[in-house]
Structures are given as C-alpha cells and as structure tokens.
Amino acid sequence: MYWCKVAQTEKEFDAIAQLNYETFVEEIPQHEPNELKRKVDRFHHENTYLVVYKGTELIGMLAFRDQRPFSIDEKIGEVEQFLPKEICTKLCEIRLLAVKKPYRSGRVLIRLTQALNAFAYEKGYSAAVISGTTREEKMYQQMGFSQFAPAVGTNEAMFLPMVLTRQQFEQSLQQKLAQESYTFYPGPVKQQGAIVYSDMSHRSQAFQSLYVRMRSKLLELSGAKQVATIVGSGTLANEVMLGQLKAQQAGHGLILTNGEFGERLQKQAERWLLDFDVVTQAWGSAFDMQALEDLLQTGAYQWLLMVHGETSTGACNDLHGMKQLAKRYNIKLCVDCISSFGAMPILLDDCYLATAVSGKAIGALSGLAFVFSQELVEPVTSLPAYLDLTNYQHGTIPYTLPAALVGNVVEALQAYPARYHQLQQRYDALLQLPFMHYRLPITAYPMIITIQCPNGLTKLATDLKLNGLFVHADSNYLKHRNFIQLSVIQPDFELAYSRLQNLLTFYKQTVDL
C-alpha cells in the first residue's frame with residue numbers, strides 16, 4: 001500500500017537525508033559525495049516534507065517552502081517575471097521531489113500528487129514552482145507541472161523551471177483524484193444516485209403524494225404527531241423551535257449545555273430574549289439527573305431545552321431520563337435531535353418540540369429542516385410567517401418545497417429501520433481501529449466518534465487528508481481541542497473504512513507516541 005504523511009520524526013528525517021543523497025548526489029551529480037551518504041538540505045529547518053511510504057518503507061518525498069528567495073529565484077531571478085500575475089498571489093516552492101527508482105510508477109505519482117494538492121489547498125497556495133530535472137520531465141508532467149522558463153544548469157544536472165497552478169490541477173487532475181477520496185463527515189452526505197423530481201411542482205397531486213410518504217415515515221420513526229417541513233438548515237429548525245417558545249410566552253426555562261451545539265442553542269435563545277437559566281457541564285460530560293430533578297421540582301421552570309446528540313463530542317445525552325423528568329414536573333421538553341435523528345431509534349412522543357434535518361444521519365441531501373411536535377399550536381401573529389408552526393399543521397405545504405429534496409428524503413427513508421443496525425455495525429467496526437483508545441470516554445450514539453489527539457498524532461487529520469481520507473477536523477471548536485471526528489453515515493463507508501484500516505495499521509508504526 002502506498003500512502004503519504006507529513007514527516008515529523010527523527011527516523012523520517014534521516015531517511016529523507018539518505019534519499020536526498022541517493023537522488024541528488026549519486027543519481028544527479030548536484031552535490032559532492034560524503035562518507036555518511038546523507039545529504040541534509042540547506043533549507044531543512046524551513047521545509048515541510050511530504051513523504052510517501054510503501055507499507056512502512058519511506059520511498060519518496062517532496063519539500064514545501066514558501067520563504068523567499070526561492071532556490072529557483074537564485075537560478076532564473078524572481079519567478080514572477082515569467083508567470084501571469086493572477087497566479088502569483090501566494091506562491092510556494094516544491095523542492096527535493098524524489099522517488100526511489102524501483103517505485104517510479106503511476107500509483108506512487110498519484111499518491112504524491114494527491115498529497116501535494118491537498119496540502120497546497122489547505123495552505124491556500126495559488127501555485128507551486130519547482131526546478132525539475134530534465135531526466136524526469138515526464139514524471140513532472142504527469143503530476144500536472146508545465147515549464148514556464150528556459151532550462152538552467154549544467155550538462156550533468158539540467159533543470160526545468162515548472163509550475164503547477166490551482167487551475168491546472170482542477171482542469172486535469174481533480175476529477176481523477178476525487179475518485180480516490182472518501183469522507184467521514186457527519187454531513188453533508190454524499191449522494192450516489194441521480195437527483196430526480198426536479199421538474200415537479202410542489203402544488204401538484206404527484207408532489208402531494210410524495211410529501212405524504214415522507215411525512216408518514218418521519219412520524220412513524222419519531223413517534224410524534226406533527227412534523228413541519230421547512231426549506232433550511234438545522235439552525236433554522238432550532239430558530240423555529242425557540243421562536244415558538246417565545247411566541248407562546250412559555251415562561252421561565254432551563255437550557256442544558258455540554259458542548260458546542262448546546263452553547264449555540266443558548267446563544268440563539270439569548271437573541272430571542274427568552275427567560276432562562278443555564279446548567280453547564282464540561283464538554284462530553286453527562287448531566288447529573290438528580291441535580292436536574294432537584295432544580296425542576298422547585299416549580300421555577302416551565303420549559304427545558306437540550307441537545308440529544310451533541311455533535312461536537314459525540315455525546316448522547318439522556319433523552320429518556322429527560323422525558324421522564326419533563327412528564328413528572330409538567331415541563332415542556334424541547335430537543336435538538338439534528339445529529340441523532342436517524343442514527344438510532346428515538347421516540348419524541350413526550351417532547352413538546354424537537355428538531356431534525358435531512359442531511360445528517362438520515363443520509364439525504366442537506367436542505368430540509370424538520371420540527372416535530374405533539375400537539376397543535378395556537379396561531380400567533382408575533383412571528384414571521386415562515387417561522388410560525390401553525391402554518392405547517394395537518395401536513396400543510398404553505399411555501400415552496402423542492403420536490404428533488406423531498407423525493408431524495410423519501411428514497412433515504414426506505415433504508416429504515418435496517419439502517420439503524422447498519423450504522424451500529426459501522427460504529428462498532430471503527431472502535432476496532434488503531435488510536436481508538438484516544439476517543440472521548442462518553443456515552444455515545446452510533447454516528448460519530450471523537451478522538452482527542454495526543455502529541456504525536458496532532459498531524460493525523462492532515463495526514464489522512466493527504467491520502468484522500470477526509471475526517472471532520474476543520475471547525476474551530478475541534479481545532480482548539482485537538483479533536484478529530486469520524487462519522488459512519490456516508491454511503492461508501494465500507495470502502496472508506498478498508499482504506500482507513502490499512503493506512504492506520506502502517507501509520508501507527510511511523511509515529512512517536
């Protein structure tokens with residue numbers, strides 16, 4: 001198996017020096033020989049090395065550097081004089097591109113090109129320049145490079161100034177490399193089938209039939225009596241839920257937070273000027289049910305707002321226990337089920353309001369927000385019409401719904417209830433992979449695993465990305481805590497899992513922990 005990573009260990013740096021010597025001293029007579037048979041680059045401390053492995057053998061490398069002057073500047077002058085202005089906004093130089101002779105194949109080049117472009121995109125480079133040896137001109141061209149200035153050097157070591165722009169990559173290589181890529185995102189969900197019903201009017205009888213099928217299945221899975229379907233995101237669904245509390249003058253409430261999305265609910269509630277207290281737990285920590293009961297039995301609260309599946313940590317808060325408390329003390333329970341709905345069987349029968357979306361665990365396209373309720377709500381005039389649940393009662397379709405999104409959800413819902421078992425199996429498989437002992441020790445739901453990376457694994461998300469394996473790690477709240485997350489909801493999970501399992505098996509042998 002060929003795979004790439006960012007070099008971090010002394011063992012890797014020694015292998016780089018050895019390959020540097022073999023390539024640029026013995027093969028290309030660019031430097032003087034030495035007894036150690038090692039060549040440490042003069043810009044070593046400024047370089048970021050991407051290396052390619054076959055199993056656990058380091059067989060290739062390239063180095064990124066963006067400090068000026070570039071080494072190619074020293075050969076031909078500032079490269080900008082030869083390049084179009086629009087690609088010079090943020091340049092980097094690639095140096096020391098080398099692959100051991102037995103491995104100079106298309107497969108290795110694909111891996112290196114994939115890594116090169118993933119890294120360049122992450123850093124925001126507009127183009128990369130390189131001094132390519134004439135001996136391997138074909139290899140550079142296969143990677144997307146093109147010559148932009150006359151060759152320089154000596155007869156023994158002649159070099160071509162070459163450039164790879166973002167546009168060249170997108171035009172010639174992106175589609176090919178996309179076929180080598182997989183995601184473990186908790187949303188949006190990749191769609192494998194055709195998107196149909198795009199020409200169907202939302203006022204037609206055919207659409208009404210499609211809509212009824214979706215609504216009936218949602219109510220069956222949730223145990224709710226009403227569901228409003230609104231074009232929008234999970235944030236919009238929560239706005240509708242909070243707006244309803246405000247419009248109905250629900251009284252004094254309690255909001256529970258133990259992660260990013262609980263905190264977002266709190267901020268949204270503040271914007272609605274709701275009257276509430278907050279119970280805050282450390283991220284990923286369970287709520288003390290006895291302490292909550294002590295609060296609720298005081299009679300001071302009329303509603304309670306919580307997140308069920310807290311995406312930021314993978315925590316699954318105790319919905320069953322909360323429903324019991326809400327029923328016992330006659331409190332309106334409002335629940336954000338945006339990540340958990342569809343990931344596991346849950347009943348919303350004793351929830352006043354609950355929210356979900358199409359583009360998470362259900363596996364459909366993003367774009368539809370669902371608000372579940374148990375009773376018909378009273379009409380209000382203080383809310384914008386689009387946010388007023390009374391407009392959606394009895395399955396009414398007051399505003400435009402894209403038939404393509406509704407039809408896509410209907411298709412996705414056909415997988416239930418079998419999908420619950422499938423997601424659980426996938427989740428259990430992830431738990432068997434290397435590094436899973438670094439996951440957060442929380443009560444989780446079978447959709448997402450959160451790993452808190454220790455020293456030695458801080459580059460894991462980047463290294464996975466270099467190999468076309470994209471995990472959830474780019475949100476600021478994840479970066480701040482060194483969290484990476486793997487979800488099980490993507491349709492090509494089994495193929496992605498196989499690639500990930502093979503890579504991590506070798507990866508764990510190359511890192512210092």
# chains A, B, ... in the order shown; residues from 1 in each chain; ligands from 1
$ residues_around --residues "stretch 396-408 of chain A" --least-positions-apart "4" --cutoff "8 Å" --atoms "only C-alpha atoms" --output "list in words"
Ile195, Val196, Tyr197, Ser198, Asp199, Met200, Ser201, His202, Phe207, Leu210, Tyr211, Met214, Ile230, Val231, Ala364, Leu365, Gly367, Leu368, Asn391, Tyr392 and Ala412 of chain A
$ write_last_selection --atoms "N, CA, C and O atoms" --output "mmCIF file, in the first residue's frame"
data_model
loop_
_atom_site.group_PDB
_atom_site.id
_atom_site.type_symbol
_atom_site.label_atom_id
_atom_site.label_comp_id
_atom_site.auth_asym_id
_atom_site.auth_seq_id
_atom_site.Cartn_x
_atom_site.Cartn_y
_atom_site.Cartn_z
ATOM 1 N N ILE A 195 -30.486 12.661 -8.817
ATOM 2 C CA ILE A 195 -31.463 13.507 -8.133
ATOM 3 C C ILE A 195 -32.643 13.707 -9.083
ATOM 4 O O ILE A 195 -32.507 14.321 -10.137
ATOM 5 N N VAL A 196 -33.798 13.161 -8.709
ATOM 6 C CA VAL A 196 -34.964 13.187 -9.600
ATOM 7 C C VAL A 196 -36.028 14.146 -9.064
ATOM 8 O O VAL A 196 -35.829 14.805 -8.044
ATOM 9 N N TYR A 197 -37.148 14.209 -9.738
ATOM 10 C CA TYR A 197 -38.299 15.058 -9.391
ATOM 11 C C TYR A 197 -37.987 16.557 -9.502
ATOM 12 O O TYR A 197 -38.677 17.378 -8.914
ATOM 13 N N SER A 198 -36.968 16.933 -10.249
ATOM 14 C CA SER A 198 -36.585 18.348 -10.296
ATOM 15 C C SER A 198 -37.597 19.206 -11.047
ATOM 16 O O SER A 198 -37.597 20.426 -10.911
ATOM 17 N N ASP A 199 -38.456 18.571 -11.863
ATOM 18 C CA ASP A 199 -39.421 19.349 -12.642
ATOM 19 C C ASP A 199 -40.847 19.262 -12.087
ATOM 20 O O ASP A 199 -41.806 19.650 -12.742
ATOM 21 N N MET A 200 -40.982 18.755 -10.848
ATOM 22 C CA MET A 200 -42.309 18.557 -10.263
ATOM 23 C C MET A 200 -42.730 19.776 -9.439
ATOM 24 O O MET A 200 -41.995 20.249 -8.591
ATOM 25 N N SER A 201 -43.902 20.278 -9.686
ATOM 26 C CA SER A 201 -44.425 21.407 -8.926
ATOM 27 C C SER A 201 -44.852 20.970 -7.529
ATOM 28 O O SER A 201 -45.447 19.896 -7.360
ATOM 29 N N HIS A 202 -44.588 21.827 -6.543
ATOM 30 C CA HIS A 202 -44.981 21.498 -5.177
ATOM 31 C C HIS A 202 -46.494 21.649 -4.971
ATOM 32 O O HIS A 202 -46.996 21.363 -3.885
ATOM 33 N N PHE A 207 -46.734 15.599 -6.309
ATOM 34 C CA PHE A 207 -45.892 16.064 -5.199
ATOM 35 C C PHE A 207 -46.578 15.795 -3.865
ATOM 36 O O PHE A 207 -45.927 15.378 -2.899
ATOM 37 N N LEU A 210 -45.955 12.342 -2.837
ATOM 38 C CA LEU A 210 -44.561 12.169 -2.405
ATOM 39 C C LEU A 210 -44.361 12.736 -1.007
ATOM 40 O O LEU A 210 -43.723 12.118 -0.135
ATOM 41 N N TYR A 211 -44.930 13.906 -0.778
ATOM 42 C CA TYR A 211 -44.807 14.574 0.511
ATOM 43 C C TYR A 211 -45.463 13.765 1.635
ATOM 44 O O TYR A 211 -44.918 13.640 2.730
ATOM 45 N N MET A 214 -43.197 10.960 2.712
ATOM 46 C CA MET A 214 -42.115 11.422 3.578
ATOM 47 C C MET A 214 -42.630 11.723 4.980
ATOM 48 O O MET A 214 -42.042 11.271 5.974
ATOM 49 N N ILE A 230 -39.525 22.439 6.463
ATOM 50 C CA ILE A 230 -39.161 23.794 6.077
ATOM 51 C C ILE A 230 -37.859 23.740 5.288
ATOM 52 O O ILE A 230 -36.950 22.976 5.623
ATOM 53 N N VAL A 231 -37.758 24.537 4.236
ATOM 54 C CA VAL A 231 -36.501 24.603 3.482
ATOM 55 C C VAL A 231 -35.491 25.384 4.321
ATOM 56 O O VAL A 231 -35.710 26.562 4.626
ATOM 57 N N ALA A 364 -29.777 11.816 3.497
ATOM 58 C CA ALA A 364 -30.291 12.514 2.324
ATOM 59 C C ALA A 364 -29.510 13.812 2.092
ATOM 60 O O ALA A 364 -28.585 14.152 2.829
ATOM 61 N N LEU A 365 -29.916 14.534 1.059
ATOM 62 C CA LEU A 365 -29.318 15.834 0.784
ATOM 63 C C LEU A 365 -29.621 16.822 1.905
ATOM 64 O O LEU A 365 -30.690 16.768 2.525
ATOM 65 N N GLY A 367 -30.803 20.443 3.253
ATOM 66 C CA GLY A 367 -31.714 21.443 2.717
ATOM 67 C C GLY A 367 -33.102 21.451 3.310
ATOM 68 O O GLY A 367 -33.834 22.425 3.158
ATOM 69 N N LEU A 368 -33.482 20.364 4.005
ATOM 70 C CA LEU A 368 -34.794 20.346 4.648
ATOM 71 C C LEU A 368 -34.639 20.277 6.154
ATOM 72 O O LEU A 368 -33.842 19.496 6.673
ATOM 73 N N ASN A 391 -48.644 27.415 10.483
ATOM 74 C CA ASN A 391 -48.760 27.369 9.021
ATOM 75 C C ASN A 391 -48.457 25.998 8.442
ATOM 76 O O ASN A 391 -48.722 25.756 7.256
ATOM 77 N N TYR A 392 -47.865 25.129 9.251
ATOM 78 C CA TYR A 392 -47.430 23.819 8.752
ATOM 79 C C TYR A 392 -48.252 22.659 9.322
ATOM 80 O O TYR A 392 -47.976 21.509 9.029
ATOM 81 N N ALA A 412 -34.156 7.974 0.888
ATOM 82 C CA ALA A 412 -33.285 7.673 2.022
ATOM 83 C C ALA A 412 -34.038 6.947 3.135
ATOM 84 O O ALA A 412 -33.494 6.033 3.776
#
$ select_by_dssp --residues "stretch 83-292 of chain A" --states "helix (DSSP H, G or I)" --output "PyMOL selection string"
chain A and resi 85-87+101-103+106-123+134-142+166-172+174-178+205-222+234-247+260-271+289-292
$ select_by_dssp --residues "stretch 129-324 of chain A" --states "strand (DSSP E or B)" --output "number ranges by chain"
A: 129-133, 146-147, 152-153, 158-165, 182-183, 226-231, 253-257, 276-280, 303-307, 309-310, 315-316
$ residues_around --residues "A:Gln8" --least-positions-apart "3" --cutoff "8 Å" --atoms "only C-alpha atoms" --output "list in words"
Glu12, Phe13 and Val511 of chain A
$ write_last_selection --atoms "all heavy atoms" --output "compact mmCIF listing (two decimals), in the first residue's frame"
# COMPACT_ATOMS: atom_id res chain seq x y z
N GLU A 12 12.33 9.60 10.25
CA GLU A 12 11.91 10.05 8.92
C GLU A 12 12.89 11.06 8.34
O GLU A 12 13.23 10.99 7.15
CB GLU A 12 10.50 10.65 9.00
CG GLU A 12 9.42 9.60 9.19
CD GLU A 12 8.04 10.20 9.40
OE1 GLU A 12 7.94 11.27 10.03
OE2 GLU A 12 7.05 9.57 8.96
N PHE A 13 13.37 11.97 9.17
CA PHE A 13 14.31 12.97 8.66
C PHE A 13 15.63 12.32 8.23
O PHE A 13 16.26 12.75 7.26
CB PHE A 13 14.55 14.05 9.70
CG PHE A 13 13.34 14.91 9.97
CD1 PHE A 13 12.97 15.22 11.27
CD2 PHE A 13 12.57 15.38 8.93
CE1 PHE A 13 11.85 16.00 11.52
CE2 PHE A 13 11.45 16.17 9.16
CZ PHE A 13 11.09 16.48 10.46
N VAL A 511 4.78 6.80 13.90
CA VAL A 511 4.63 7.99 14.75
C VAL A 511 5.22 7.73 16.13
O VAL A 511 5.32 6.59 16.58
CB VAL A 511 3.14 8.40 14.89
CG1 VAL A 511 2.61 8.86 13.54
CG2 VAL A 511 2.30 7.26 15.42
$ atom_distance --atom1 "atom CA of A:Glu93" --atom2 "atom CA of A:Ala128"
5.4 Å
$ closest_residue --among "A:Asp492, A:Gln393, A:Ser204, A:Tyr497" --to "A:Leu431" --atoms "only C-alpha atoms"
A:Tyr497
$ residues_around --residues "A:Gln168" --least-positions-apart "6" --cutoff "12 Å" --atoms "only C-alpha atoms" --output "ChimeraX atom specification"
/A:87,117,126-128,141-146,174-175
$ residues_around --residues "stretch 432-435 of chain A" --least-positions-apart "2" --cutoff "10 Å" --atoms "only C-alpha atoms" --output "mmCIF file with N, CA and C atoms, in the first residue's frame"
data_model
loop_
_atom_site.group_PDB
_atom_site.id
_atom_site.type_symbol
_atom_site.label_atom_id
_atom_site.label_comp_id
_atom_site.auth_asym_id
_atom_site.auth_seq_id
_atom_site.Cartn_x
_atom_site.Cartn_y
_atom_site.Cartn_z
ATOM 1 N N TYR A 427 -20.206 1.662 13.362
ATOM 2 C CA TYR A 427 -19.645 2.282 14.563
ATOM 3 C C TYR A 427 -18.777 1.288 15.323
ATOM 4 N N ASP A 428 -19.273 0.064 15.499
ATOM 5 C CA ASP A 428 -18.514 -0.971 16.209
ATOM 6 C C ASP A 428 -17.219 -1.300 15.467
ATOM 7 N N ALA A 429 -17.262 -1.266 14.128
ATOM 8 C CA ALA A 429 -16.047 -1.529 13.340
ATOM 9 C C ALA A 429 -15.007 -0.436 13.567
ATOM 10 N N LEU A 430 -15.442 0.819 13.613
ATOM 11 C CA LEU A 430 -14.499 1.922 13.872
ATOM 12 C C LEU A 430 -13.788 1.749 15.209
ATOM 13 N N HIS A 437 -8.387 4.163 21.383
ATOM 14 C CA HIS A 437 -8.309 4.325 22.846
ATOM 15 C C HIS A 437 -8.142 5.790 23.228
ATOM 16 N N TYR A 438 -7.932 6.658 22.225
ATOM 17 C CA TYR A 438 -7.865 8.092 22.496
ATOM 18 C C TYR A 438 -9.233 8.776 22.336
ATOM 19 N N ARG A 439 -10.288 8.003 22.066
ATOM 20 C CA ARG A 439 -11.608 8.614 21.903
ATOM 21 C C ARG A 439 -12.113 9.116 23.252
ATOM 22 N N ILE A 451 -11.971 11.671 18.591
ATOM 23 C CA ILE A 451 -10.649 11.339 19.113
ATOM 24 C C ILE A 451 -9.967 12.624 19.544
ATOM 25 N N GLN A 452 -9.431 12.636 20.757
ATOM 26 C CA GLN A 452 -8.630 13.773 21.212
ATOM 27 C C GLN A 452 -7.168 13.396 21.007
ATOM 28 N N CYS A 453 -6.551 14.010 20.012
ATOM 29 C CA CYS A 453 -5.215 13.589 19.572
ATOM 30 C C CYS A 453 -4.144 14.036 20.559
ATOM 31 N N PRO A 454 -3.311 13.118 21.027
ATOM 32 C CA PRO A 454 -2.187 13.485 21.888
ATOM 33 C C PRO A 454 -1.022 13.977 21.038
ATOM 34 N N LEU A 457 0.117 12.707 17.425
ATOM 35 C CA LEU A 457 -0.995 12.495 16.499
ATOM 36 C C LEU A 457 -1.617 13.812 16.037
ATOM 37 N N TYR A 497 -13.641 2.706 4.985
ATOM 38 C CA TYR A 497 -13.142 2.013 6.173
ATOM 39 C C TYR A 497 -11.967 1.112 5.825
ATOM 40 N N LEU A 500 -8.961 3.240 5.331
ATOM 41 C CA LEU A 500 -8.528 3.797 6.610
ATOM 42 C C LEU A 500 -7.858 2.740 7.471
ATOM 43 N N GLN A 501 -8.435 1.558 7.528
ATOM 44 C CA GLN A 501 -7.869 0.474 8.334
ATOM 45 C C GLN A 501 -6.451 0.130 7.874
ATOM 46 N N ASN A 502 -6.261 0.006 6.575
ATOM 47 C CA ASN A 502 -4.932 -0.310 6.049
ATOM 48 C C ASN A 502 -3.934 0.790 6.361
ATOM 49 N N LEU A 503 -4.349 2.030 6.171
ATOM 50 C CA LEU A 503 -3.434 3.140 6.397
ATOM 51 C C LEU A 503 -3.032 3.242 7.858
ATOM 52 N N LEU A 504 -4.014 3.170 8.770
ATOM 53 C CA LEU A 504 -3.694 3.321 10.188
ATOM 54 C C LEU A 504 -2.827 2.182 10.709
ATOM 55 N N THR A 505 -2.950 1.004 10.102
ATOM 56 C CA THR A 505 -2.113 -0.123 10.503
ATOM 57 C C THR A 505 -0.639 0.203 10.295
ATOM 58 N N PHE A 506 -0.334 0.838 9.164
ATOM 59 C CA PHE A 506 1.047 1.236 8.901
ATOM 60 C C PHE A 506 1.407 2.528 9.635
ATOM 61 N N TYR A 507 0.440 3.450 9.712
ATOM 62 C CA TYR A 507 0.694 4.766 10.289
ATOM 63 C C TYR A 507 1.168 4.665 11.736
ATOM 64 N N LYS A 508 0.564 3.774 12.503
ATOM 65 C CA LYS A 508 0.903 3.675 13.924
ATOM 66 C C LYS A 508 2.360 3.249 14.137
#
$ residues_around --residues "stretch 18-21 of chain A" --least-positions-apart "2" --cutoff "10 Å" --atoms "only C-alpha atoms" --output "count of residues only"
33
$ atom_distance --atom1 "atom CA of A:Glu180" --atom2 "atom CA of A:Ala118"
12.3 Å
$ atom_distance --atom1 "atom CA of A:Thr355" --atom2 "atom CA of A:Lys190"
21.9 Å
$ residues_around --residues "stretch 156-160 of chain A" --least-positions-apart "3" --cutoff "10 Å" --atoms "only C-alpha atoms" --output "ChimeraX atom specification"
/A:24,27-30,72,75,130-137,140,146-153,163
$ decode --residues "stretch 239-345 of chain A" --atoms "C-alpha atoms" --output "short mmCIF file (atom, residue, chain, number, x, y, z; two decimals), in the first residue's frame"
data_model
loop_
_atom_site.label_atom_id
_atom_site.label_comp_id
_atom_site.auth_asym_id
_atom_site.auth_seq_id
_atom_site.Cartn_x
_atom_site.Cartn_y
_atom_site.Cartn_z
CA GLU A 239 -34.95 29.09 15.39
CA VAL A 240 -38.48 27.85 14.73
CA MET A 241 -38.45 25.88 17.98
CA LEU A 242 -37.17 28.82 20.01
CA GLY A 243 -39.48 31.27 18.27
CA GLN A 244 -42.42 29.09 19.23
CA LEU A 245 -41.41 29.24 22.90
CA LYS A 246 -41.17 33.00 22.63
CA ALA A 247 -44.50 33.41 20.83
CA GLN A 248 -46.35 31.15 23.25
CA GLN A 249 -44.90 33.05 26.22
CA ALA A 250 -43.67 29.76 27.63
CA GLY A 251 -42.31 31.30 30.81
CA HIS A 252 -39.02 30.63 32.60
CA GLY A 253 -36.84 27.89 31.15
CA LEU A 254 -33.67 25.86 31.63
CA ILE A 255 -31.04 25.21 28.94
CA LEU A 256 -28.52 22.38 29.25
CA THR A 257 -25.10 22.73 27.61
CA ASN A 258 -22.19 20.30 27.44
CA GLY A 259 -20.78 21.04 24.00
CA GLU A 260 -20.64 23.42 21.06
CA PHE A 261 -24.22 22.91 19.91
CA GLY A 262 -25.73 23.31 23.35
CA GLU A 263 -23.85 26.58 23.58
CA ARG A 264 -25.21 27.62 20.19
CA LEU A 265 -28.75 26.94 21.39
CA GLN A 266 -28.07 29.18 24.35
CA LYS A 267 -26.88 32.00 22.06
CA GLN A 268 -29.94 31.61 19.85
CA ALA A 269 -32.21 31.73 22.92
CA GLU A 270 -30.50 34.94 24.04
CA ARG A 271 -31.31 36.53 20.67
CA TRP A 272 -34.96 35.58 21.15
CA LEU A 273 -34.85 37.27 24.56
CA LEU A 274 -36.12 34.14 26.24
CA ASP A 275 -36.12 33.98 30.03
CA PHE A 276 -33.93 31.08 31.17
CA ASP A 277 -31.17 29.71 33.38
CA VAL A 278 -28.30 27.53 32.15
CA VAL A 279 -26.84 24.30 33.51
CA THR A 280 -23.35 23.91 32.07
CA GLN A 281 -21.31 20.72 32.12
CA ALA A 282 -17.80 20.14 30.79
CA TRP A 283 -17.77 19.14 27.13
CA GLY A 284 -18.73 15.49 26.80
CA SER A 285 -19.75 15.12 30.45
CA ALA A 286 -23.12 13.65 31.39
CA PHE A 287 -25.67 15.73 33.25
CA ASP A 288 -26.43 14.87 36.87
CA MET A 289 -30.05 13.74 36.64
CA GLN A 290 -30.64 14.02 40.38
CA ALA A 291 -29.34 17.59 40.40
CA LEU A 292 -31.64 18.42 37.48
CA GLU A 293 -34.60 16.89 39.26
CA ASP A 294 -33.81 18.99 42.33
CA LEU A 295 -33.99 22.09 40.12
CA LEU A 296 -37.16 21.10 38.31
CA GLN A 297 -39.13 20.14 41.40
CA THR A 298 -38.83 23.72 42.66
CA GLY A 299 -41.51 24.62 40.12
CA ALA A 300 -39.41 27.50 38.79
CA TYR A 301 -39.23 26.20 35.21
CA GLN A 302 -41.85 25.80 32.52
CA TRP A 303 -39.64 24.51 29.70
CA LEU A 304 -36.31 22.71 29.24
CA LEU A 305 -34.07 22.86 26.16
CA MET A 306 -31.28 20.38 25.38
CA VAL A 307 -29.24 18.74 22.62
CA HIS A 308 -29.69 14.98 22.30
CA GLY A 309 -26.72 14.03 20.09
CA GLU A 310 -24.00 16.60 20.82
CA THR A 311 -22.02 16.52 17.56
CA SER A 312 -19.02 18.38 18.94
CA THR A 313 -18.10 15.50 21.25
CA GLY A 314 -20.26 12.59 20.11
CA ALA A 315 -22.01 12.60 23.48
CA CYS A 316 -25.52 11.20 23.67
CA ASN A 317 -27.47 12.96 26.39
CA ASP A 318 -30.13 11.05 28.31
CA LEU A 319 -33.32 11.78 26.37
CA HIS A 320 -35.31 9.03 28.08
CA GLY A 321 -34.42 10.38 31.53
CA MET A 322 -35.23 13.94 30.47
CA LYS A 323 -38.62 12.87 29.11
CA GLN A 324 -39.45 11.24 32.44
CA LEU A 325 -38.49 14.39 34.37
CA ALA A 326 -40.41 16.64 31.99
CA LYS A 327 -43.51 14.49 32.33
CA ARG A 328 -43.19 14.27 36.10
CA TYR A 329 -42.96 18.04 36.56
CA ASN A 330 -45.20 19.11 33.66
CA ILE A 331 -42.38 20.85 31.77
CA LYS A 332 -42.24 21.45 28.02
CA LEU A 333 -39.23 19.49 26.75
CA CYS A 334 -37.60 20.88 23.59
CA VAL A 335 -34.83 18.84 21.98
CA ASP A 336 -32.25 19.37 19.24
CA CYS A 337 -32.09 15.92 17.58
CA ILE A 338 -30.34 17.21 14.47
CA SER A 339 -27.46 14.73 14.61
CA SER A 340 -29.14 11.87 16.42
CA PHE A 341 -32.38 11.53 14.46
CA GLY A 342 -31.86 8.65 12.06
CA ALA A 343 -28.71 7.44 13.83
CA MET A 344 -30.56 5.43 16.42
CA PRO A 345 -34.19 4.63 17.29
#
